[in-house]
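Shown below: protein.pdb, with PDB, C-alpha atoms, pLDDT in the B column.
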ATOM      1  CA  MET A   3      10.602  -3.497 -14.329  1.00 55.00           C
ATOM      2  CA  SER A   4      13.742  -3.467 -12.254  1.00 63.00           C
ATOM      3  CA  ASP A   5      15.469  -6.476 -10.785  1.00 62.00           C
ATOM      4  CA  ILE A   6      16.984  -4.530  -7.879  1.00 58.00           C
ATOM      5  CA  GLY A   7      15.680  -7.131  -5.428  1.00 58.00           C
ATOM      6  CA  SER A   8      17.971  -9.753  -6.889  1.00 69.00           C
ATOM      7  CA  ILE A   9      21.054  -7.548  -6.684  1.00 82.00           C
ATOM      8  CA  PHE A  10      20.726  -6.126  -3.157  1.00 79.00           C
ATOM      9  CA  SER A  11      19.399  -7.671   0.026  1.00 82.00           C
ATOM     10  CA  THR A  12      16.799  -5.968   2.192  1.00 83.00           C
ATOM     11  CA  TRP A  13      19.451  -4.771   4.641  1.00 89.00           C
ATOM     12  CA  ASP A  14      21.494  -3.263   1.810  1.00 88.00           C
ATOM     13  CA  ILE A  15      18.504  -1.267   0.604  1.00 86.00           C
ATOM     14  CA  ILE A  16      17.712  -0.080   4.151  1.00 90.00           C
ATOM     15  CA  ALA A  17      21.336   1.042   4.590  1.00 93.00           C
ATOM     16  CA  MET A  18      21.159   2.974   1.304  1.00 92.00           C
ATOM     17  CA  ILE A  19      17.935   4.678   2.387  1.00 93.00           C
ATOM     18  CA  LEU A  20      19.441   5.675   5.741  1.00 94.00           C
ATOM     19  CA  ALA A  21      22.575   7.023   4.067  1.00 95.00           C
ATOM     20  CA  ALA A  22      20.616   8.977   1.445  1.00 95.00           C
ATOM     21  CA  CYS A  23      18.206  10.543   3.971  1.00 96.00           C
ATOM     22  CA  ALA A  24      20.708  11.266   6.743  1.00 96.00           C
ATOM     23  CA  PRO A  25      21.394  14.843   5.570  1.00 96.00           C
ATOM     24  CA  GLY A  26      17.676  15.595   5.845  1.00 96.00           C
ATOM     25  CA  PHE A  27      17.677  14.350   9.421  1.00 97.00           C
ATOM     26  CA  VAL A  28      20.751  16.386  10.381  1.00 97.00           C
ATOM     27  CA  ILE A  29      19.487  19.599   8.793  1.00 96.00           C
ATOM     28  CA  GLY A  30      16.033  19.116  10.328  1.00 96.00           C
ATOM     29  CA  ALA A  31      17.469  18.445  13.777  1.00 96.00           C
ATOM     30  CA  ALA A  32      19.679  21.525  13.585  1.00 96.00           C
ATOM     31  CA  LEU A  33      16.769  23.714  12.502  1.00 95.00           C
ATOM     32  CA  GLY A  34      14.537  22.292  15.230  1.00 95.00           C
ATOM     33  CA  ALA A  35      17.103  22.951  17.954  1.00 95.00           C
ATOM     34  CA  TRP A  36      17.700  26.458  16.635  1.00 95.00           C
ATOM     35  CA  ARG A  37      14.028  27.399  16.290  1.00 94.00           C
ATOM     36  CA  ASN A  38      12.932  26.331  19.778  1.00 90.00           C
ATOM     37  CA  PRO A  39      15.683  26.860  22.369  1.00 88.00           C
ATOM     38  CA  GLY A  40      13.404  26.029  25.304  1.00 90.00           C
ATOM     39  CA  ARG A  41      12.840  22.462  24.126  1.00 93.00           C
ATOM     40  CA  ARG A  42      15.902  21.665  22.075  1.00 94.00           C
ATOM     41  CA  LEU A  43      15.856  17.877  22.316  1.00 95.00           C
ATOM     42  CA  SER A  44      12.187  17.347  21.514  1.00 95.00           C
ATOM     43  CA  SER A  45      12.240  19.933  18.720  1.00 95.00           C
ATOM     44  CA  ALA A  46      15.391  18.433  17.246  1.00 96.00           C
ATOM     45  CA  THR A  47      13.788  14.996  17.282  1.00 96.00           C
ATOM     46  CA  VAL A  48      10.554  16.114  15.637  1.00 96.00           C
ATOM     47  CA  PHE A  49      12.247  18.315  13.037  1.00 96.00           C
ATOM     48  CA  GLY A  50      14.877  15.640  12.379  1.00 96.00           C
ATOM     49  CA  LEU A  51      12.254  12.991  11.684  1.00 97.00           C
ATOM     50  CA  THR A  52      10.367  15.468   9.523  1.00 97.00           C
ATOM     51  CA  GLY A  53      13.545  16.234   7.584  1.00 96.00           C
ATOM     52  CA  PHE A  54      14.174  12.514   7.153  1.00 97.00           C
ATOM     53  CA  ALA A  55      10.631  11.994   5.861  1.00 97.00           C
ATOM     54  CA  LEU A  56      10.918  14.911   3.426  1.00 96.00           C
ATOM     55  CA  ALA A  57      14.275  13.647   2.144  1.00 96.00           C
ATOM     56  CA  PHE A  58      12.794  10.166   1.726  1.00 95.00           C
ATOM     57  CA  ALA A  59       9.807  11.593  -0.161  1.00 96.00           C
ATOM     58  CA  GLY A  60      12.116  13.633  -2.368  1.00 94.00           C
ATOM     59  CA  TRP A  61      14.246  10.619  -3.241  1.00 92.00           C
ATOM     60  CA  TRP A  62      11.144   8.504  -3.800  1.00 93.00           C
ATOM     61  CA  LEU A  63       9.692  11.052  -6.226  1.00 94.00           C
ATOM     62  CA  TYR A  64      13.008  11.477  -8.003  1.00 92.00           C
ATOM     63  CA  LEU A  65      13.588   7.758  -8.472  1.00 89.00           C
ATOM     64  CA  THR A  66      10.034   6.779  -9.390  1.00 91.00           C
ATOM     65  CA  VAL A  67       8.613   9.779 -11.259  1.00 91.00           C
ATOM     66  CA  ILE A  68      11.382  12.021 -12.552  1.00 86.00           C
ATOM     67  CA  LYS A  69      14.117   9.559 -13.450  1.00 75.00           C
TER      68      LYS A  69
END

Rewritten as structure tokens:
Amino acid sequence: MSDIGSIFSTWDIIAMILAACAPGFVIGAALGAWRNPGRRLSSATVFGLTGFALAFAGWWLYLTVIK
């Protein structure tokens, strides 16, 4: 059992999650804008959020199952 809650506050953990998943958002947004030139903004938003979710899932699996 980890005592990470006593070391970092909730806002610290949220900032770490945002920093770790930001590359997934950027790559997803770029791919979304590239794949659908007619609707760049909406595609970038959807693909960016999808990339963020996939990066979050990847980190979650790595930290809870693999490591």

Query raised in the report: For the point (14.3, 23.6, 17.7) in file coordinates, what residues are within 6 Å, counting all atoms listed in the file? Give the answer as a ChimeraX atom specification?
Result: /A:33-39,42,45-46

For those residues, write C-alpha atoms to a file as a JSON list (two decimals), in the frame of the given file.
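As a result, out_0.json now contains:
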[["chain", "number", "residue", "atom", "x", "y", "z"],
["A", 33, "LEU", "CA", 16.77, 23.71, 12.50],
["A", 34, "GLY", "CA", 14.54, 22.29, 15.23],
["A", 35, "ALA", "CA", 17.10, 22.95, 17.95],
["A", 36, "TRP", "CA", 17.70, 26.46, 16.64],
["A", 37, "ARG", "CA", 14.03, 27.40, 16.29],
["A", 38, "ASN", "CA", 12.93, 26.33, 19.78],
["A", 39, "PRO", "CA", 15.68, 26.86, 22.37],
["A", 42, "ARG", "CA", 15.90, 21.66, 22.08],
["A", 45, "SER", "CA", 12.24, 19.93, 18.72],
["A", 46, "ALA", "CA", 15.39, 18.43, 17.25]]

Query raised in the report: Which residues fall under the PyMOL selection byres ((chain A and resi 54) around 6) in this file, as number ranges by chain?
Result: A: 23, 26-27, 51-53, 55-57

Report summary line: From atom CA of A:Gly60 to atom CA of A:Val48 the spacing works out at 18.2 Å
